[in-house]
Structure formats: structure tokens, C-alpha cells
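Step one of this worksheet: look at the structure below.
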Amino acid sequence: MKKLSARRRHPLAAVVVLLLALAATGGLYAAFAPAGKAQADETAQSLAIEEGKKLYAVGCATCHGTGGQGSSDGPSLVGVGAAAVDFQVSTGRMPAQQPGAQVPRKKNIYTQAQIDQLAAYIASLGAGPAVPSEKQYDPAGADVARGGVLFRNNCAQCHNFTGEGGALTYGKYAPNLEGVEPKHIYEAMLTGPQNMPSFPDSTMPEKEKKDIIAYLKTVNGDETASPGGLKLGGLGPVSEGLFGWVFGLGALIAVAVWVAAHTAKAKKS
């Protein structure tokens with residue numbers, strides 16, 4: 001029998017094998033990389049929640065309960081969402097310094113990383129509004145005029161026409177919005193802190209919130225001047241008319257008294 005001659009390999013066989021190997025490697029990566037990334041994200045989120053729970057136990061549990069269920073000293077935090085935590089803690093309102101009709105803004109005592117951890121823990125207790133992205137609250141390209149109309153219709157009753165704040169009942173007040181970061185204005189509209197009503201996206205879409213932020217940034221900006229002199233709190237003609245009556249009439253009465261006194265003195269002499 002003749003020996004079978006060995007088959008000669010095609011010159012491109014090695015190249016084909018290499019390409020198949022690379023394809024298999026890529027397929028394996030595509031199959032396992034997303035799962036690995038998702039697992040890593042889940043692990044990071046779990047660690048954030050765990051650290052947030054520790055911070056909560058130290059700074060928040062006294063008033064809001066060990067599980068966020070609330071107490072006689074503080075409301076329940078179940079379902080308030082991460083945005084509410086970011087707003088309250090970033091502005092220093094929480095932890096509260098002392099009980100009162102309204103918790104004022106003060107210096108923040110947490111880092112942003114710690115605030116994110118607290119927010120992650122509170123968000124794990126129940127679904128709620130998430131922290132907005134910069135794209136959501138960036139006022140670039142927004143309609144300032146439309147924002148003014150929306151603000152006057154929905155916000156001026158408490159914050160007055162230019163957002164300078166105003167008094168409410170029983171020691172409460174609407175805070176001054178001048179210099180407040182766009183992110184915090186957006187979060188306040190989204191969550192409705194303290195006495196403020198909430199404006200979710202179903203009630204006030206994202207675009208309208210951006211328009212309001214743009215209006216406040218413009219009307220309280222350094223380039224915006226008040227041609228009328230003293231703004232008198234920005235309350236409009238009511239405060240201006242009251243100022244005119246009180247100080248104007250007061251000045252007229254003072255002049256009348258001065259003239260009468262000097263006239264009587266002249267007659268006696």
C-alpha cells in the first residue's frame with residue numbers, strides 16, 4: 001500500500017486560526033464584561049449604602065428613627081429620595097441645629113462623598129426623586145422670559161417677584177433665592193422642602209424648571225441693575241406705596257410742625 005501523502009496546509013490557515021481565536025476572545029469579553037461591570041456597580045452601591053447607614057446612625061437617627069421611619073422629632077424619610085437628602089444636607093439645613101418653625105440654611109458639615117452615601121442609604125429605604133444631573137438643571141439656552149412668567153405664577157406669592165424671600169405664618173418664611181446654586185433650586189422644586197409645595201416633572205416639566213432657574217440667575221445677576229433705587233424687598237408697588245405714605249407724610253408732618261413752631265416764635269418776638 002502506498003503511504004498516504006500528508007496534506008499540505010494552506011498558507012492562510014494560521015491567519016484564519018488567529019482570527020477565530022481573537023473573535024472567540026472578543027465574544028467571551030462581550031459576554032462577560034457587562035456582567036462584571038454590573039456586579040462592580042452593584043458592589044459599589046452596596047458599599048455606599050453601608051457607609052451611608054453609618055453616617056445616618058450618627059447624625060440623623062436621633063430625630064428620624066433608626067430605620068428612617070420618623071419620630072416625634074422628625075418626619076419619616078422613607079420615599080423622600082436621594083434628591084431631598086442632597087438638598088437638605090448640602091445646604092446645611094440637616095442635621096438641624098435646633099427645633100423650630102423652620103430649619104435655616106447654615107454651613108454644611110459633610111463632604112459631597114458623604115452626602116452621596118447618605119443619599120444612597122435613604123434612597124434604599126424607598127423610591128423617590130433622584131439627584132438631578134447637570135444637564136437637567138443647567139440654565140444654558142433656557143427661556144428667561146418664560147421663566148419669569150412661570151416664577152410669578154407659581155413662586156412669587158412666597159418668594160416675591162425677584163426671589164428675595166418673604167415672611168409666612170407662625171414664624172415660617174420663604175428663603176432668599178439669590179446666590180442659590182441651580183442644582184439646589186431644581187432639587188427644591190422637585191422635592192418641596194419644608195413649607196414649599198413640590199413640582200414633579202408631571203406637574204412642571206424639566207424645561208420649565210430650567211426656565212425658572214435661568215430667570216432667577218438673570219434677575220439676581222451682577223449685570224442686572226435696579227433703576228428705581230432701593231428695591232424695598234422687591235415686593236412691588238404695595239411696599240413702594242407704603243414707603244411713600246409713611247415716610248412722605250411723616251416728612252410733611254415734620255416740616256409742618258417745624259414751620260408752626262418757628263411762626264409762633266416769630267410772633268412772640
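In the C-alpha cells, chains take the letters A, B, ... in the order shown, each chain's residues start at 1, and ligands count up from 1 in the order shown.
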
With a cut-off of 10 Å, could you pull out the residues of range 92-194 of chain A touching range 60-66 of chain A and give me the nearest pair of atoms for each, distance in Å to one decimal, using only C-alpha atoms, ordered by chain and ascending number, as JSON lines?
{"residue": "A:Met94", "atom": "CA", "partner": "A:Cys60", "partner_atom": "CA", "distance": 8.3}
{"residue": "A:Pro95", "atom": "CA", "partner": "A:Cys60", "partner_atom": "CA", "distance": 6.5}
{"residue": "A:Ala96", "atom": "CA", "partner": "A:Cys60", "partner_atom": "CA", "distance": 9.0}
{"residue": "A:Leu118", "atom": "CA", "partner": "A:Cys60", "partner_atom": "CA", "distance": 9.7}

Resulting file, chosen residues, N, CA and C atoms, as a compact mmCIF listing (two decimals), in the first residue's frame:
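Dumped everything to selection19.txt:
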# COMPACT_ATOMS: atom_id res chain seq x y z
N MET A 94 -29.79 70.19 57.25
CA MET A 94 -29.74 68.94 58.01
C MET A 94 -28.28 68.52 58.16
N PRO A 95 -27.94 68.01 59.33
CA PRO A 95 -28.76 67.85 60.54
C PRO A 95 -29.17 69.20 61.14
N ALA A 96 -30.38 69.26 61.67
CA ALA A 96 -30.90 70.51 62.22
C ALA A 96 -30.14 70.89 63.48
N LEU A 118 -25.07 59.12 52.18
CA LEU A 118 -26.34 59.29 52.90
C LEU A 118 -27.53 59.19 51.96

Identify all residues of range 13-254 of chain A in alpha helix (DSSP H) (DSSP on the backbone) and supply them as a ChimeraX atom specification. /A:13-59,61-64,81-90,112-125,134-137,144-154,156-159,182-191,206-219,237-243,249-254

Please provide as a PyMOL selection string all residues within 6 Å of Gly92 in chain A, with the sequence filter that same-chain residues fewer than 2 positions apart are discarded (counting only C-alpha atoms). chain A and resi 89-90+94+105-108

Output N, CA and C atoms for every residue in that selection, as an mmCIF file, in the first residue's frame.
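Writing done, so here's again.cif:
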data_model
loop_
_atom_site.group_PDB
_atom_site.id
_atom_site.type_symbol
_atom_site.label_atom_id
_atom_site.label_comp_id
_atom_site.auth_asym_id
_atom_site.auth_seq_id
_atom_site.Cartn_x
_atom_site.Cartn_y
_atom_site.Cartn_z
ATOM 1 N N VAL A 89 -28.941 68.334 53.081
ATOM 2 C CA VAL A 89 -27.616 68.206 53.700
ATOM 3 C C VAL A 89 -26.610 69.146 53.047
ATOM 4 N N SER A 90 -26.684 69.312 51.723
ATOM 5 C CA SER A 90 -25.735 70.193 51.034
ATOM 6 C C SER A 90 -25.899 71.646 51.457
ATOM 7 N N MET A 94 -29.787 70.191 57.251
ATOM 8 C CA MET A 94 -29.736 68.944 58.007
ATOM 9 C C MET A 94 -28.280 68.519 58.160
ATOM 10 N N ARG A 105 -30.839 77.727 56.684
ATOM 11 C CA ARG A 105 -29.634 77.290 55.994
ATOM 12 C C ARG A 105 -28.413 77.638 56.834
ATOM 13 N N LYS A 106 -27.423 76.756 56.827
ATOM 14 C CA LYS A 106 -26.190 77.015 57.563
ATOM 15 C C LYS A 106 -25.034 76.292 56.881
ATOM 16 N N LYS A 107 -23.849 76.390 57.447
ATOM 17 C CA LYS A 107 -22.673 75.795 56.839
ATOM 18 C C LYS A 107 -22.794 74.278 56.835
ATOM 19 N N ASN A 108 -22.435 73.685 55.709
ATOM 20 C CA ASN A 108 -22.503 72.238 55.551
ATOM 21 C C ASN A 108 -21.339 71.561 56.291
#

6 Å contact set for Arg93 in chain A, only C-alpha atoms, chain neighbours under 5 positions out, as a PyMOL selection string: chain A and resi 88+103-105

Residues of range 161-199 of chain A that have any atom at most 12 Å from an atom of range 78-81 of chain A: could you tabulate them with the shortest-distance atom pair and the distance in Å to one decimal, using only C-alpha atoms, ordered by chain and increasing number, as JSON lines?
{"residue": "A:Glu187", "atom": "CA", "partner": "A:Gly81", "partner_atom": "CA", "distance": 10.6}
{"residue": "A:Leu190", "atom": "CA", "partner": "A:Gly81", "partner_atom": "CA", "distance": 10.3}
{"residue": "A:Thr191", "atom": "CA", "partner": "A:Val80", "partner_atom": "CA", "distance": 7.6}
{"residue": "A:Gly192", "atom": "CA", "partner": "A:Val80", "partner_atom": "CA", "distance": 10.0}
{"residue": "A:Pro193", "atom": "CA", "partner": "A:Val80", "partner_atom": "CA", "distance": 10.1}
{"residue": "A:Ser198", "atom": "CA", "partner": "A:Val80", "partner_atom": "CA", "distance": 11.4}

Counting only C-alpha atoms, figure out which residue out of A:Leu216, A:Ala38, A:Ala261, A:Ala83 gets nearest to Gly163 in chain A. A:Leu216

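Closest approach to Lys210 in chain A among A:Lys54, A:His159, A:Lys183, A:His262: A:Lys183, based on only C-alpha atoms.
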
For Glu181 in chain A, please output as a PyMOL selection string all residues within 10 Å (counting only C-alpha atoms; exclusion window: fewer than 6 positions along the same chain). chain A and resi 91+137+213+217

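Closest approach to Lys172 in chain A from the set A:Gly70, A:Gly100, A:Gly126, A:Gly250 is made by A:Gly100, with distances taken over only C-alpha atoms.
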
Which neighbours of Glu206 in chain A fall inside 10 Å, counting only C-alpha atoms, when residues of the same chain fewer than 4 positions from it are skipped, and could you give them as a VMD selection string? chain A and resid 136 to 137 186 190 199 to 202 210 to 211

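For the pair CA of Gly148 in chain A and CA of Glu178 in chain A, the interatomic distance is 14.7 Å.
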
All strand (DSSP E) positions in range 24-238 of chain A, as an NGL selection string: :A and (166-167 or 173-174)

Write the residues you've just listed into a file as an mmCIF file, in the first residue's frame, and include N, CA, C and O atoms for each of them.
data_model
loop_
_atom_site.group_PDB
_atom_site.id
_atom_site.type_symbol
_atom_site.label_atom_id
_atom_site.label_comp_id
_atom_site.auth_asym_id
_atom_site.auth_seq_id
_atom_site.Cartn_x
_atom_site.Cartn_y
_atom_site.Cartn_z
ATOM 1 N N GLY A 166 -39.636 86.069 51.689
ATOM 2 C CA GLY A 166 -40.706 86.789 52.371
ATOM 3 C C GLY A 166 -41.203 86.015 53.574
ATOM 4 O O GLY A 166 -40.933 84.819 53.735
ATOM 5 N N ALA A 167 -41.929 86.714 54.437
ATOM 6 C CA ALA A 167 -42.440 86.108 55.672
ATOM 7 C C ALA A 167 -43.696 85.299 55.392
ATOM 8 O O ALA A 167 -44.512 85.648 54.538
ATOM 9 N N TYR A 173 -40.933 81.181 56.816
ATOM 10 C CA TYR A 173 -40.571 82.163 55.806
ATOM 11 C C TYR A 173 -40.118 81.456 54.529
ATOM 12 O O TYR A 173 -39.702 80.289 54.552
ATOM 13 N N ALA A 174 -40.231 82.182 53.431
ATOM 14 C CA ALA A 174 -39.686 81.711 52.149
ATOM 15 C C ALA A 174 -38.288 82.285 52.021
ATOM 16 O O ALA A 174 -38.108 83.501 52.056
#

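Ranking A:Thr218, A:Gln102, A:Asn153, A:Gln97 by their shortest atom-to-atom distance to Tyr170 in chain A, with only C-alpha atoms included, puts A:Gln102 first.
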